[in-house]
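target.txt follows (compact mmCIF, C-alpha atoms and all ligand atoms):
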```
# COMPACT_ATOMS: atom_id res chain seq x y z
CA MET A 1 104.94 74.31 110.72
CA SER A 2 106.15 77.88 110.63
CA GLU A 3 108.26 77.99 113.77
CA LEU A 4 111.94 77.88 112.95
CA PRO A 5 114.50 78.73 115.64
CA ILE A 6 116.42 81.01 113.28
CA PHE A 7 113.31 82.95 112.36
CA PRO A 8 111.79 83.99 115.70
CA LEU A 9 108.31 85.31 115.05
CA THR A 10 106.96 88.37 116.83
CA SER A 11 103.45 88.38 118.30
CA GLU A 12 102.38 90.47 115.27
CA HIS A 13 103.71 87.80 112.90
CA LYS A 14 101.85 85.08 114.79
CA MET A 15 98.69 87.16 114.83
CA ILE A 16 98.56 87.71 111.07
CA ARG A 17 99.61 84.13 110.33
CA ASP A 18 96.87 82.73 112.57
CA ALA A 19 94.23 85.12 111.20
CA ALA A 20 95.18 84.12 107.65
CA ARG A 21 95.14 80.43 108.56
CA ASP A 22 91.66 80.65 110.13
CA PHE A 23 90.30 82.60 107.20
CA ALA A 24 91.92 80.32 104.62
CA GLN A 25 90.75 77.10 106.25
CA ASN A 26 87.24 78.30 107.11
CA GLU A 27 86.38 80.45 104.12
CA ILE A 28 88.65 79.54 101.21
CA ALA A 29 89.36 75.80 101.51
CA PRO A 30 85.65 74.84 101.37
CA ILE A 31 85.09 76.72 98.07
CA ALA A 32 88.44 76.15 96.36
CA ALA A 33 87.42 73.06 94.32
CA GLN A 34 84.20 74.69 93.14
CA PHE A 35 85.97 77.86 91.94
CA ASP A 36 88.72 75.78 90.34
CA GLU A 37 86.07 73.85 88.41
CA SER A 38 84.07 76.89 87.28
CA GLY A 39 87.05 79.21 86.75
CA GLU A 40 84.98 81.99 88.33
CA PHE A 41 86.89 84.87 89.94
CA PRO A 42 86.39 84.66 93.75
CA SER A 43 85.37 88.31 94.23
CA LYS A 44 83.66 87.85 97.61
CA THR A 45 86.55 86.16 99.40
CA ILE A 46 89.06 88.54 97.83
CA LYS A 47 87.01 91.48 99.09
CA LYS A 48 86.99 89.98 102.59
CA MET A 49 90.75 89.50 102.36
CA GLY A 50 90.99 93.21 101.64
CA GLU A 51 88.91 94.00 104.71
CA MET A 52 91.26 91.84 106.79
CA GLY A 53 94.29 93.78 105.53
CA PHE A 54 95.75 90.97 103.39
CA MET A 55 95.74 92.88 100.09
CA GLY A 56 98.28 95.52 101.17
CA ILE A 57 100.19 94.01 104.07
CA GLU A 58 103.35 96.13 103.71
CA VAL A 59 101.51 99.27 102.65
CA PRO A 60 101.55 102.10 105.23
CA GLU A 61 98.25 102.64 107.01
CA LYS A 62 97.93 106.12 105.49
CA TYR A 63 97.55 104.47 102.06
CA GLY A 64 95.03 101.90 103.28
CA GLY A 65 97.43 99.08 104.17
CA ALA A 66 98.30 97.01 107.24
CA GLU A 67 101.82 98.49 107.60
CA MET A 68 103.58 95.22 108.49
CA ASP A 69 106.87 93.74 107.32
CA THR A 70 107.74 91.34 104.48
CA LEU A 71 107.87 88.29 106.77
CA ALA A 72 104.30 89.06 107.90
CA TYR A 73 103.27 89.18 104.24
CA VAL A 74 104.96 85.85 103.51
CA LEU A 75 103.44 84.14 106.56
CA ALA A 76 99.92 85.27 105.64
CA LEU A 77 100.33 84.43 101.95
CA GLU A 78 101.65 80.95 102.79
CA GLU A 79 98.44 80.19 104.72
CA ILE A 80 96.20 81.49 101.91
CA CYS A 81 98.12 79.39 99.35
CA LYS A 82 97.81 76.25 101.47
CA ALA A 83 94.05 76.57 101.00
CA ASP A 84 94.05 77.83 97.41
CA ALA A 85 96.87 78.97 95.13
CA ALA A 86 94.46 80.98 92.94
CA HIS A 87 93.50 83.26 95.84
CA GLY A 88 97.22 83.33 96.61
CA VAL A 89 98.36 84.72 93.27
CA ILE A 90 95.68 87.43 93.29
CA MET A 91 96.96 88.46 96.73
CA SER A 92 100.60 88.22 95.70
CA VAL A 93 100.28 90.34 92.54
CA ASN A 94 98.22 92.92 94.42
CA ASN A 95 100.80 93.21 97.21
CA SER A 96 104.15 92.78 95.57
CA LEU A 97 103.86 93.54 91.85
CA TYR A 98 101.33 96.34 92.14
CA CYS A 99 101.43 98.13 95.54
CA HIS A 100 105.14 97.59 96.15
CA GLY A 101 106.18 99.15 92.82
CA ILE A 102 104.13 102.30 93.32
CA LEU A 103 105.27 102.67 96.94
CA LYS A 104 108.89 102.39 95.82
CA PHE A 105 108.82 104.54 92.71
CA GLY A 106 105.62 106.61 92.89
CA THR A 107 104.97 110.23 93.84
CA GLU A 108 102.86 111.13 96.85
CA GLU A 109 99.87 111.84 94.57
CA GLN A 110 100.31 108.50 92.79
CA LYS A 111 100.41 106.62 96.09
CA GLU A 112 97.25 108.32 97.29
CA ARG A 113 95.34 107.74 94.07
CA PHE A 114 96.61 104.32 92.96
CA VAL A 115 97.68 102.46 96.12
CA ALA A 116 94.95 103.28 98.63
CA PRO A 117 91.95 101.63 96.85
CA VAL A 118 93.99 98.54 95.96
CA ALA A 119 95.68 98.03 99.35
CA SER A 120 92.29 98.16 101.06
CA GLY A 121 90.89 95.55 98.64
CA GLU A 122 88.22 97.82 97.15
CA ALA A 123 89.94 97.50 93.77
CA ILE A 124 92.32 94.95 92.23
CA GLY A 125 95.76 95.83 90.85
CA ALA A 126 97.68 94.16 88.01
CA TYR A 127 101.19 94.27 86.49
CA SER A 128 101.63 94.08 82.75
CA LEU A 129 105.06 93.37 81.25
CA THR A 130 104.70 90.31 79.00
CA GLU A 131 103.66 90.39 75.34
CA PRO A 132 102.84 87.57 72.92
CA MET A 133 106.39 87.71 71.48
CA SER A 134 108.22 88.99 74.59
CA GLY A 135 108.18 86.73 77.66
CA SER A 136 111.53 85.77 79.19
CA ASP A 137 113.26 88.37 76.98
CA ALA A 138 111.20 91.15 78.52
CA GLY A 139 113.38 93.95 77.12
CA THR A 140 112.09 93.27 73.58
CA MET A 141 108.52 94.47 74.20
CA LYS A 142 106.80 96.37 71.37
CA THR A 143 103.94 98.24 73.05
CA ARG A 144 104.52 101.94 72.30
CA ALA A 145 103.86 105.03 74.38
CA VAL A 146 104.19 108.26 72.38
CA LEU A 147 104.10 111.64 74.09
CA ASP A 148 101.32 113.84 72.68
CA GLY A 149 100.83 117.08 74.64
CA ASP A 150 99.91 116.26 78.23
CA ALA A 151 99.49 112.52 77.71
CA TYR A 152 101.20 109.42 76.33
CA VAL A 153 99.26 107.65 73.60
CA ILE A 154 99.64 103.92 74.14
CA ASN A 155 99.18 101.21 71.51
CA GLY A 156 99.99 97.52 71.74
CA ARG A 157 99.05 94.11 73.02
CA LYS A 158 100.03 92.74 76.44
CA SER A 159 99.51 89.11 77.46
CA TRP A 160 99.33 86.81 80.47
CA VAL A 161 98.19 89.58 82.80
CA THR A 162 97.18 88.12 86.17
CA SER A 163 93.85 89.73 87.20
CA GLY A 164 93.70 91.35 83.71
CA PRO A 165 89.94 90.74 83.33
CA VAL A 166 89.08 92.36 86.67
CA ALA A 167 91.82 94.85 87.58
CA GLU A 168 90.82 98.50 87.97
CA TYR A 169 94.45 99.65 87.86
CA VAL A 170 97.52 98.31 86.07
CA VAL A 171 101.26 99.00 86.29
CA LEU A 172 102.14 98.91 82.59
CA PHE A 173 105.49 98.83 80.79
CA ALA A 174 105.79 100.30 77.30
CA VAL A 175 108.48 101.62 74.94
CA THR A 176 108.98 105.38 74.85
CA ASP A 177 112.26 105.28 72.87
CA PRO A 178 112.62 102.30 70.52
CA GLU A 179 116.25 103.21 69.70
CA LYS A 180 117.39 102.48 73.25
CA GLY A 181 116.26 98.86 73.77
CA SER A 182 115.43 98.09 77.39
CA LYS A 183 116.67 101.59 78.37
CA GLY A 184 113.85 103.02 76.24
CA VAL A 185 111.12 101.39 78.37
CA SER A 186 108.95 103.46 80.74
CA ALA A 187 106.35 102.52 83.36
CA PHE A 188 102.78 103.85 83.52
CA LEU A 189 99.88 103.73 85.96
CA ILE A 190 96.79 102.79 84.00
CA ASP A 191 93.19 103.37 84.99
CA ALA A 192 91.53 100.42 83.26
CA ASN A 193 88.17 102.13 83.08
CA GLN A 194 89.36 104.81 80.64
CA PRO A 195 88.72 104.46 76.88
CA GLY A 196 91.32 102.72 74.75
CA LEU A 197 91.91 99.69 76.98
CA ILE A 198 90.26 96.49 75.81
CA ARG A 199 90.42 93.34 77.91
CA GLY A 200 91.22 90.35 75.70
CA LYS A 201 90.01 86.80 76.07
CA LYS A 202 90.44 85.07 79.39
CA GLU A 203 93.12 82.37 79.19
CA PRO A 204 91.89 78.79 79.79
CA LYS A 205 94.53 77.45 82.20
CA LEU A 206 95.77 74.14 83.59
CA GLY A 207 95.85 75.42 87.18
CA ILE A 208 95.14 78.46 89.38
CA ARG A 209 91.92 78.49 87.37
CA ALA A 210 90.00 80.85 89.67
CA SER A 211 92.56 83.58 89.10
CA ALA A 212 91.68 85.50 85.95
CA THR A 213 94.39 85.93 83.29
CA SER A 214 93.99 87.80 80.01
CA GLU A 215 95.46 89.97 77.31
CA LEU A 216 95.19 93.75 77.59
CA ILE A 217 94.93 95.56 74.27
CA PHE A 218 95.75 99.26 74.07
CA GLU A 219 94.26 101.28 71.23
CA ASP A 220 95.13 104.98 71.43
CA TYR A 221 94.82 104.87 75.23
CA ARG A 222 95.74 108.30 76.64
CA CYS A 223 97.76 108.10 79.85
CA PRO A 224 98.27 111.53 81.47
CA VAL A 225 101.95 112.45 81.92
CA GLU A 226 101.48 112.65 85.69
CA ASN A 227 100.65 108.91 85.66
CA ARG A 228 104.09 107.90 84.40
CA LEU A 229 105.82 105.91 87.16
CA GLY A 230 109.45 107.00 87.54
CA ALA A 231 111.42 108.80 84.86
CA GLU A 232 111.27 108.09 81.13
CA GLY A 233 113.58 105.17 80.33
CA GLU A 234 113.58 103.82 83.90
CA GLY A 235 110.78 101.35 83.22
CA PHE A 236 112.84 98.21 82.69
CA LYS A 237 114.72 98.68 85.96
CA ILE A 238 111.43 99.32 87.73
CA ALA A 239 110.01 96.13 86.20
CA MET A 240 113.03 94.08 87.35
CA THR A 241 113.14 95.61 90.83
CA VAL A 242 109.45 94.91 91.33
CA LEU A 243 109.81 91.36 90.02
CA ASP A 244 112.32 90.64 92.79
CA ALA A 245 109.53 91.31 95.27
CA GLY A 246 107.05 89.34 93.16
CA ARG A 247 109.37 86.33 93.11
CA ILE A 248 109.27 86.13 96.92
CA GLY A 249 105.48 85.98 96.58
CA ILE A 250 105.66 83.09 94.10
CA ALA A 251 108.22 81.27 96.26
CA THR A 252 105.68 81.56 99.07
CA GLN A 253 102.83 80.39 96.87
CA ALA A 254 104.86 77.31 95.89
CA LEU A 255 105.69 76.67 99.56
CA GLY A 256 101.99 76.80 100.50
CA ILE A 257 101.01 74.41 97.69
CA ALA A 258 103.81 72.00 98.67
CA GLU A 259 102.79 72.05 102.32
CA ALA A 260 99.15 71.31 101.51
CA ALA A 261 100.14 68.39 99.25
CA TYR A 262 102.61 67.09 101.83
CA GLU A 263 100.05 67.15 104.65
CA ALA A 264 97.56 65.21 102.52
CA ALA A 265 100.22 62.63 101.55
CA ARG A 266 101.54 62.21 105.10
CA GLN A 267 98.03 61.66 106.41
CA TYR A 268 97.19 59.17 103.66
CA ALA A 269 100.43 57.24 104.21
CA THR A 270 99.52 56.71 107.88
CA GLU A 271 95.96 55.55 107.13
CA ARG A 272 95.88 53.64 103.87
CA GLU A 273 96.79 49.96 104.10
CA ALA A 274 98.15 47.60 101.48
CA PHE A 275 99.70 44.16 101.76
CA GLY A 276 98.73 44.04 105.45
CA GLN A 277 100.35 47.28 106.63
CA LYS A 278 100.17 51.08 106.41
CA ILE A 279 101.66 52.20 103.12
CA GLY A 280 103.91 54.62 105.05
CA GLN A 281 105.60 51.53 106.55
CA PHE A 282 106.96 50.65 103.11
CA GLN A 283 110.33 52.25 102.71
CA GLY A 284 109.35 53.35 99.19
CA THR A 285 106.66 55.60 100.70
CA GLY A 286 108.50 56.55 103.89
CA PHE A 287 111.51 57.82 101.98
CA LYS A 288 109.26 59.90 99.75
CA ILE A 289 107.78 61.50 102.89
CA ALA A 290 111.29 62.18 104.22
CA ASP A 291 112.40 63.85 100.99
CA MET A 292 109.21 65.89 100.69
CA LYS A 293 109.50 67.20 104.25
CA THR A 294 113.21 68.02 103.93
CA ARG A 295 112.78 69.92 100.69
CA ILE A 296 109.81 71.87 102.07
CA GLU A 297 111.80 73.02 105.11
CA ALA A 298 114.72 74.03 102.87
CA ALA A 299 112.30 75.99 100.63
CA ARG A 300 110.90 77.68 103.73
CA LEU A 301 114.36 78.74 104.90
CA LEU A 302 115.17 80.26 101.50
CA THR A 303 111.79 82.00 101.27
CA TYR A 304 111.83 83.49 104.78
CA ASN A 305 115.47 84.48 104.23
CA ALA A 306 114.47 86.33 101.03
CA ALA A 307 111.72 88.10 102.99
CA LEU A 308 114.27 89.24 105.60
CA ALA A 309 116.70 90.30 102.86
CA LYS A 310 113.99 92.44 101.28
CA GLU A 311 113.07 93.92 104.66
CA LYS A 312 116.71 94.89 105.27
CA THR A 313 116.88 96.86 101.99
CA LYS A 314 114.02 99.11 103.18
CA ALA A 315 116.52 100.82 105.48
CA SER A 316 119.83 100.21 103.70
CA GLY A 317 118.82 100.17 100.02
CA GLY A 318 120.40 97.70 97.61
CA ARG A 319 119.07 94.60 95.94
CA TYR A 320 117.91 91.17 97.11
CA SER A 321 117.69 89.63 93.61
CA LEU A 322 119.91 86.66 94.53
CA GLU A 323 117.86 85.69 97.60
CA ALA A 324 114.55 86.17 95.75
CA SER A 325 115.59 84.15 92.70
CA MET A 326 117.05 81.29 94.79
CA ALA A 327 113.87 81.12 96.87
CA LYS A 328 111.63 81.16 93.78
CA LEU A 329 113.71 78.56 91.95
CA PHE A 330 113.98 76.10 94.82
CA SER A 331 110.49 76.55 96.18
CA SER A 332 108.74 76.15 92.82
CA GLU A 333 110.75 73.03 91.95
CA THR A 334 109.96 71.71 95.44
CA ALA A 335 106.24 72.30 94.83
CA MET A 336 106.47 70.32 91.59
CA TYR A 337 108.39 67.50 93.27
CA VAL A 338 106.14 67.32 96.33
CA THR A 339 102.83 67.47 94.44
CA HIS A 340 104.07 64.81 92.01
CA GLN A 341 104.96 62.49 94.92
CA ALA A 342 101.69 63.31 96.69
CA VAL A 343 99.68 62.15 93.66
CA GLN A 344 101.82 59.00 93.49
CA ILE A 345 101.33 58.18 97.19
CA HIS A 346 97.57 58.60 96.77
CA GLY A 347 97.53 56.30 93.71
CA GLY A 348 94.16 56.43 91.93
CA MET A 349 92.76 58.81 94.56
CA GLY A 350 95.56 61.26 93.71
CA TYR A 351 94.24 61.36 90.16
CA SER A 352 90.64 61.86 91.26
CA LYS A 353 88.88 65.21 91.50
CA GLU A 354 87.32 63.97 94.76
CA LEU A 355 90.50 65.02 96.57
CA PRO A 356 92.41 68.32 96.21
CA VAL A 357 95.74 66.57 95.49
CA GLU A 358 95.33 66.70 91.69
CA ARG A 359 94.59 70.45 91.98
CA TYR A 360 97.78 71.01 93.97
CA PHE A 361 99.67 69.18 91.20
CA ARG A 362 98.11 71.35 88.46
CA ASP A 363 98.58 74.55 90.47
CA ALA A 364 102.24 73.84 91.23
CA LYS A 365 103.35 73.94 87.57
CA ILE A 366 102.78 77.66 87.05
CA THR A 367 105.19 78.53 89.86
CA GLU A 368 108.04 77.25 87.65
CA ILE A 369 106.87 79.52 84.82
CA TYR A 370 105.48 82.92 85.79
CA GLU A 371 107.43 85.85 87.22
CA GLY A 372 110.48 84.34 85.54
CA THR A 373 110.86 80.67 84.56
CA SER A 374 113.24 78.37 86.44
CA GLU A 375 115.66 78.90 83.55
CA ILE A 376 115.51 82.70 84.05
CA GLN A 377 116.08 82.29 87.82
CA ARG A 378 119.17 80.17 87.05
CA LEU A 379 120.34 82.87 84.63
CA VAL A 380 119.87 85.61 87.27
CA ILE A 381 121.61 83.59 90.00
CA SER A 382 124.54 82.51 87.83
CA ARG A 383 125.08 86.04 86.45
CA LEU A 384 125.06 87.52 89.95
CA GLU A 385 127.38 84.85 91.28
CA MET A 386 129.95 85.09 88.49
CA GLY A 387 129.55 88.70 87.44
CA LEU A 388 129.43 87.48 83.83
CA LYS A 389 126.82 88.11 81.13
N1 LIG B 1 116.95 95.07 89.96
C1 LIG B 1 117.40 96.26 89.49
N2 LIG B 1 117.94 96.41 88.26
C2 LIG B 1 118.03 95.32 87.48
C3 LIG B 1 117.58 94.05 87.90
C4 LIG B 1 117.01 93.95 89.21
N3 LIG B 1 116.57 92.79 89.67
N4 LIG B 1 117.78 93.16 86.92
C5 LIG B 1 118.35 93.83 85.90
N5 LIG B 1 118.49 95.13 86.24
C6 LIG B 1 119.08 96.20 85.43
C7 LIG B 1 120.50 95.84 85.04
O1 LIG B 1 121.42 96.25 86.03
C8 LIG B 1 120.67 96.62 83.75
O2 LIG B 1 120.93 97.97 84.02
P1 LIG B 1 122.36 98.65 83.57
O3 LIG B 1 122.46 98.40 82.11
O4 LIG B 1 122.19 100.08 83.94
O5 LIG B 1 123.38 97.92 84.36
C9 LIG B 1 119.28 96.58 83.14
O6 LIG B 1 118.36 96.29 84.20
C10 LIG B 1 119.13 95.52 82.09
O7 LIG B 1 119.46 94.29 82.69
P2 LIG B 1 120.03 93.05 81.87
O8 LIG B 1 121.08 93.54 80.91
O9 LIG B 1 120.41 91.97 82.83
O10 LIG B 1 118.76 92.66 80.99
P3 LIG B 1 118.49 91.42 80.07
O11 LIG B 1 117.81 91.92 78.85
O12 LIG B 1 119.74 90.59 79.90
O13 LIG B 1 117.37 90.59 80.86
C11 LIG B 1 116.47 89.09 82.49
C12 LIG B 1 117.51 90.17 82.14
C13 LIG B 1 116.86 88.66 83.88
C14 LIG B 1 116.52 87.90 81.56
C15 LIG B 1 115.06 89.75 82.48
O14 LIG B 1 114.66 90.05 81.16
C16 LIG B 1 114.01 88.86 83.13
O15 LIG B 1 113.90 88.83 84.35
N6 LIG B 1 113.18 88.16 82.34
C17 LIG B 1 112.03 87.44 82.85
C18 LIG B 1 110.82 88.30 82.82
C19 LIG B 1 109.74 87.84 83.76
O16 LIG B 1 110.01 87.43 84.88
N7 LIG B 1 108.50 87.96 83.32
C20 LIG B 1 107.37 87.64 84.13
C21 LIG B 1 106.32 88.72 83.97
S1 LIG B 1 105.10 88.90 85.22
C22 LIG B 1 104.12 87.54 85.09
O17 LIG B 1 104.60 86.47 85.12
C23 LIG B 1 102.65 87.65 84.93
C24 LIG B 1 101.90 87.97 86.16
O18 LIG B 1 100.95 88.74 86.08
C25 LIG B 1 102.21 87.29 87.44
```

Please rewrite the model in this file as structure tokens.
Amino acid sequence: MSELPIFPLTSEHKMIRDAARDFAQNEIAPIAAQFDESGEFPSKTIKKMGEMGFMGIEVPEKYGGAEMDTLAYVLALEEICKADAAHGVIMSVNNSLYCHGILKFGTEEQKERFVAPVASGEAIGAYSLTEPMSGSDAGTMKTRAVLDGDAYVINGRKSWVTSGPVAEYVVLFAVTDPEKGSKGVSAFLIDANQPGLIRGKKEPKLGIRASATSELIFEDYRCPVENRLGAEGEGFKIAMTVLDAGRIGIATQALGIAEAAYEAARQYATEREAFGQKIGQFQGTGFKIADMKTRIEAARLLTYNAALAKEKTKASGGRYSLEASMAKLFSSETAMYVTHQAVQIHGGMGYSKELPVERYFRDAKITEIYEGTSEIQRLVISRLEMGLK
């Protein structure tokens, strides 16, 4: 259900949502379990998603994108995530952590070179902030970029990079001035096929197993000065600004997972019988269904609202950190709650790999962790609300 009276959808919104739904149900849902099991990267379906315009939904047509608004992006992503959250995170990182950052902070040349191939789905983009000893406290990163003539020489180890094993291009954050803390961080556009970038081991994960995650190791990688994104020292702000967009993507991913789990549970509750009646007729199950549905619709309101808040800033400027963090926090915790209840309603079948419910449960957990844990979202929201640090 994506029709809410306070979010009237245009015919363009309905068109992209329906196209994404058809594609997700016909081409992704049937292969999701197999790719989850093997952990193989779903290159073919991702390529097709690029051809359909899903890998750069907000990117202007002149840079290879579909030139639609943030709500269109959220509606399409929600449908993809209902079928498979692994496809969803590849799409989300490509759109909001990679393309969005370059569109917002890049030069014309950078947009032409680095956005166009990724928005059209010919290449995959990644975003690399985290390090083994710098996760939530992102300002403490150690990877160094030292200016040497016409290039920065980069050395260090980045971790937990979504699409790290397959990305052709990476938005990277590294320290240019270690004396200045987070104000000494700069952003760089990395061509992953140049010497000095080694892809580390692929992480074995609990969920979203078909999305590839790895370390990226930089050993005397030379990044030309013209590939620095923004000014020296602006990197941390760029990272944070871009994460606001990313968090709307993860809120949407969580919403899609929750909806898929809810639909399965609702269906099961109306079919399965125990003690002479449908299990949904027991109040214990019926009330679970009521709570799941209510929380999902609240998560949807927050997520669509964050999309509209982001859209508004395109004309007026400003931030939408509060809306994005509230949507991510509530939606990811809703996904955890709903998938947990969906497994419980299914009983033994919820624990079986014969149904996708256990996958939804495993996939939901990451939404409370990446792109800022629930604790970090609470920190962001409370700081913004009280103006205290
Ligand atoms: N937009 C613009 N500017 C922002 C901002 C935002 N959302 N958030 C902070 N800033 C600015 C601040 O205004 C401040 O600038 P001034 O000093 O000029 O005012 C500067 O950035 C530093 O901000 P803080 O002092 O608030 O920084 P902090 O060190 O206290 O950290 C934090 C803030 C919110 C905890 C931040 O470190 C954070 O978000 N941590 C979580 C990191 C994260 O989400 N990592 C996920 C990585 S991506 C991933 O998961 C993998 C993947 O591939 C999907």

In terms of all atoms listed in the file, the residue from A:Glu259, A:Asp137, A:Asp191, A:Asp177 at minimal distance from ligand LIG 1 (chain B) is A:Asp137

Could you check which of A:Lys48, A:Ala324, A:Thr10, A:Ile248 is closest to Glu27 (chain A), using only C-alpha atoms? A:Lys48

Grab me every residue within 7 Å of ligand LIG 1 (chain B), counting all atoms listed in the file, and send it over as a ChimeraX atom specification. /A:93,126-130,135-139,160-162,182,236-238,240-241,243-244,319,321,370-373,376,379-380

Just-selected residues, C-alpha atoms written as an mmCIF file, in the coordinates of the input:
```cif
data_model
loop_
_atom_site.group_PDB
_atom_site.id
_atom_site.type_symbol
_atom_site.label_atom_id
_atom_site.label_comp_id
_atom_site.auth_asym_id
_atom_site.auth_seq_id
_atom_site.Cartn_x
_atom_site.Cartn_y
_atom_site.Cartn_z
ATOM 1 C CA VAL A 93 100.280 90.340 92.540
ATOM 2 C CA ALA A 126 97.680 94.160 88.010
ATOM 3 C CA TYR A 127 101.190 94.270 86.490
ATOM 4 C CA SER A 128 101.630 94.080 82.750
ATOM 5 C CA LEU A 129 105.060 93.370 81.250
ATOM 6 C CA THR A 130 104.700 90.310 79.000
ATOM 7 C CA GLY A 135 108.180 86.730 77.660
ATOM 8 C CA SER A 136 111.530 85.770 79.190
ATOM 9 C CA ASP A 137 113.260 88.370 76.980
ATOM 10 C CA ALA A 138 111.200 91.150 78.520
ATOM 11 C CA GLY A 139 113.380 93.950 77.120
ATOM 12 C CA TRP A 160 99.330 86.810 80.470
ATOM 13 C CA VAL A 161 98.190 89.580 82.800
ATOM 14 C CA THR A 162 97.180 88.120 86.170
ATOM 15 C CA SER A 182 115.430 98.090 77.390
ATOM 16 C CA PHE A 236 112.840 98.210 82.690
ATOM 17 C CA LYS A 237 114.720 98.680 85.960
ATOM 18 C CA ILE A 238 111.430 99.320 87.730
ATOM 19 C CA MET A 240 113.030 94.080 87.350
ATOM 20 C CA THR A 241 113.140 95.610 90.830
ATOM 21 C CA LEU A 243 109.810 91.360 90.020
ATOM 22 C CA ASP A 244 112.320 90.640 92.790
ATOM 23 C CA ARG A 319 119.070 94.600 95.940
ATOM 24 C CA SER A 321 117.690 89.630 93.610
ATOM 25 C CA TYR A 370 105.480 82.920 85.790
ATOM 26 C CA GLU A 371 107.430 85.850 87.220
ATOM 27 C CA GLY A 372 110.480 84.340 85.540
ATOM 28 C CA THR A 373 110.860 80.670 84.560
ATOM 29 C CA ILE A 376 115.510 82.700 84.050
ATOM 30 C CA LEU A 379 120.340 82.870 84.630
ATOM 31 C CA VAL A 380 119.870 85.610 87.270
#
```

Do a neighbour search on Lys205 (chain A) at 10 Å with only C-alpha atoms, toss out local chain neighbours closer than 5 positions, and write the hits as a PyMOL selection string. chain A and resi 39+210-213+362-363+366

Only C-alpha atoms, please: the residues just picked out, written as an mmCIF file, in the frame of the given file.
```
data_model
loop_
_atom_site.group_PDB
_atom_site.id
_atom_site.type_symbol
_atom_site.label_atom_id
_atom_site.label_comp_id
_atom_site.auth_asym_id
_atom_site.auth_seq_id
_atom_site.Cartn_x
_atom_site.Cartn_y
_atom_site.Cartn_z
ATOM 1 C CA GLY A 39 87.050 79.210 86.750
ATOM 2 C CA ALA A 210 90.000 80.850 89.670
ATOM 3 C CA SER A 211 92.560 83.580 89.100
ATOM 4 C CA ALA A 212 91.680 85.500 85.950
ATOM 5 C CA THR A 213 94.390 85.930 83.290
ATOM 6 C CA ARG A 362 98.110 71.350 88.460
ATOM 7 C CA ASP A 363 98.580 74.550 90.470
ATOM 8 C CA ILE A 366 102.780 77.660 87.050
#
```

Excluding Gly318 (chain A) and any residue of its chain fewer than 4 positions from it, enumerate the residues within 12 Å of it, using only C-alpha atoms, and give them as an MDAnalysis selection string. chainID A and resid 241 244 309:314 322

Pick from A:Met141, A:Ile208, A:Val118, A:Met15, whichever lies nearest to Asp36 (chain A) using only C-alpha atoms: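 Going through A:Met141, A:Ile208, A:Val118, A:Met15 one by one, the smallest distance to Asp36 (chain A) is for A:Ile208.
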
Near-region 20-23 of chain A list (9 Å; all atoms listed in the file; drop same-chain fewer than 2 positions) as a list in words: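 Near region 20-23 of chain A, the qualifying residues are Met15, Ile16, Arg17, Asp18, Gln25, Asn26, Glu27, Ile28, Ala29, Met49, Met52, Phe54, Leu75, Ala76, Leu77, Glu78, Glu79, Ile80, Lys82 and Ala83 of chain A.
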
Could you state the separation of CA of Glu333 (chain A) and CA of Ala254 (chain A) in Å, given to one decimal place? 8.3 Å

Find the residues with any atom within 6 Å of (102.6, 98.9, 106.2); use all atoms listed in the file and the coordinates as given in the file, and write the answer as a PyMOL selection string. chain A and resi 57-61+65-68

With C-alpha atoms retained, could you export that selection as a PDB file, keeping the file's coordinate frame?
```pdb
ATOM      1  CA  ILE A  57     100.190  94.010 104.070  1.00  0.00           C
ATOM      2  CA  GLU A  58     103.350  96.130 103.710  1.00  0.00           C
ATOM      3  CA  VAL A  59     101.510  99.270 102.650  1.00  0.00           C
ATOM      4  CA  PRO A  60     101.550 102.100 105.230  1.00  0.00           C
ATOM      5  CA  GLU A  61      98.250 102.640 107.010  1.00  0.00           C
ATOM      6  CA  GLY A  65      97.430  99.080 104.170  1.00  0.00           C
ATOM      7  CA  ALA A  66      98.300  97.010 107.240  1.00  0.00           C
ATOM      8  CA  GLU A  67     101.820  98.490 107.600  1.00  0.00           C
ATOM      9  CA  MET A  68     103.580  95.220 108.490  1.00  0.00           C
TER      10      MET A  68
END
```

Any idea what the distance is between CA of Val175 (chain A) and CA of Ala151 (chain A)?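 Separation between CA of Val175 (chain A) and CA of Ala151 (chain A): 14.4 Å.
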
For region 351-366 of chain A, take all atoms listed in the file, fit an axis-aligned box around them, add 4 Å to each of the six sides, then output centre and edge lengths in Å rounded to one decimal, as JSON.
```
{"center_x": 95.3, "center_y": 69.5, "center_z": 91.8, "size_x": 24.0, "size_y": 24.3, "size_z": 17.5}
```

Nearest to Glu215 (chain A) among A:Leu229, A:Ile369, A:Leu197, A:Val185, with distances taken over only C-alpha atoms: which residue is it?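 Checking each of A:Leu229, A:Ile369, A:Leu197, A:Val185 against Glu215 (chain A), counting only C-alpha atoms, the winner is A:Leu197.
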
Residues at most 12 Å from Gly256 (chain A), counting all atoms listed in the file, excluding those fewer than 2 positions away in the same chain, as a VMD selection string? chain A and resid 1 to 2 21 24 74 to 89 249 to 254 258 to 263 296 to 297 299 to 300 303 331 to 332 334 to 336 338 to 339 360 363 to 364 367

Distance CA of Ile190 (chain A)-CA of Tyr169 (chain A), one decimal place?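 These two atoms are separated by 5.5 Å.
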
So, with only C-alpha atoms as the atoms that count, which of A:Glu234, A:Gly164, A:Pro178, A:Thr270 lies closest to Lys201 (chain A)?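 Closest to Lys201 (chain A), using only C-alpha atoms: A:Gly164.
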
Using only C-alpha atoms for the distances, tell me which of A:Gly230, A:Gly280, A:Gly246, A:Gly200 is nearest to Tyr320 (chain A).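 The closest residue to Tyr320 (chain A) is A:Gly246.
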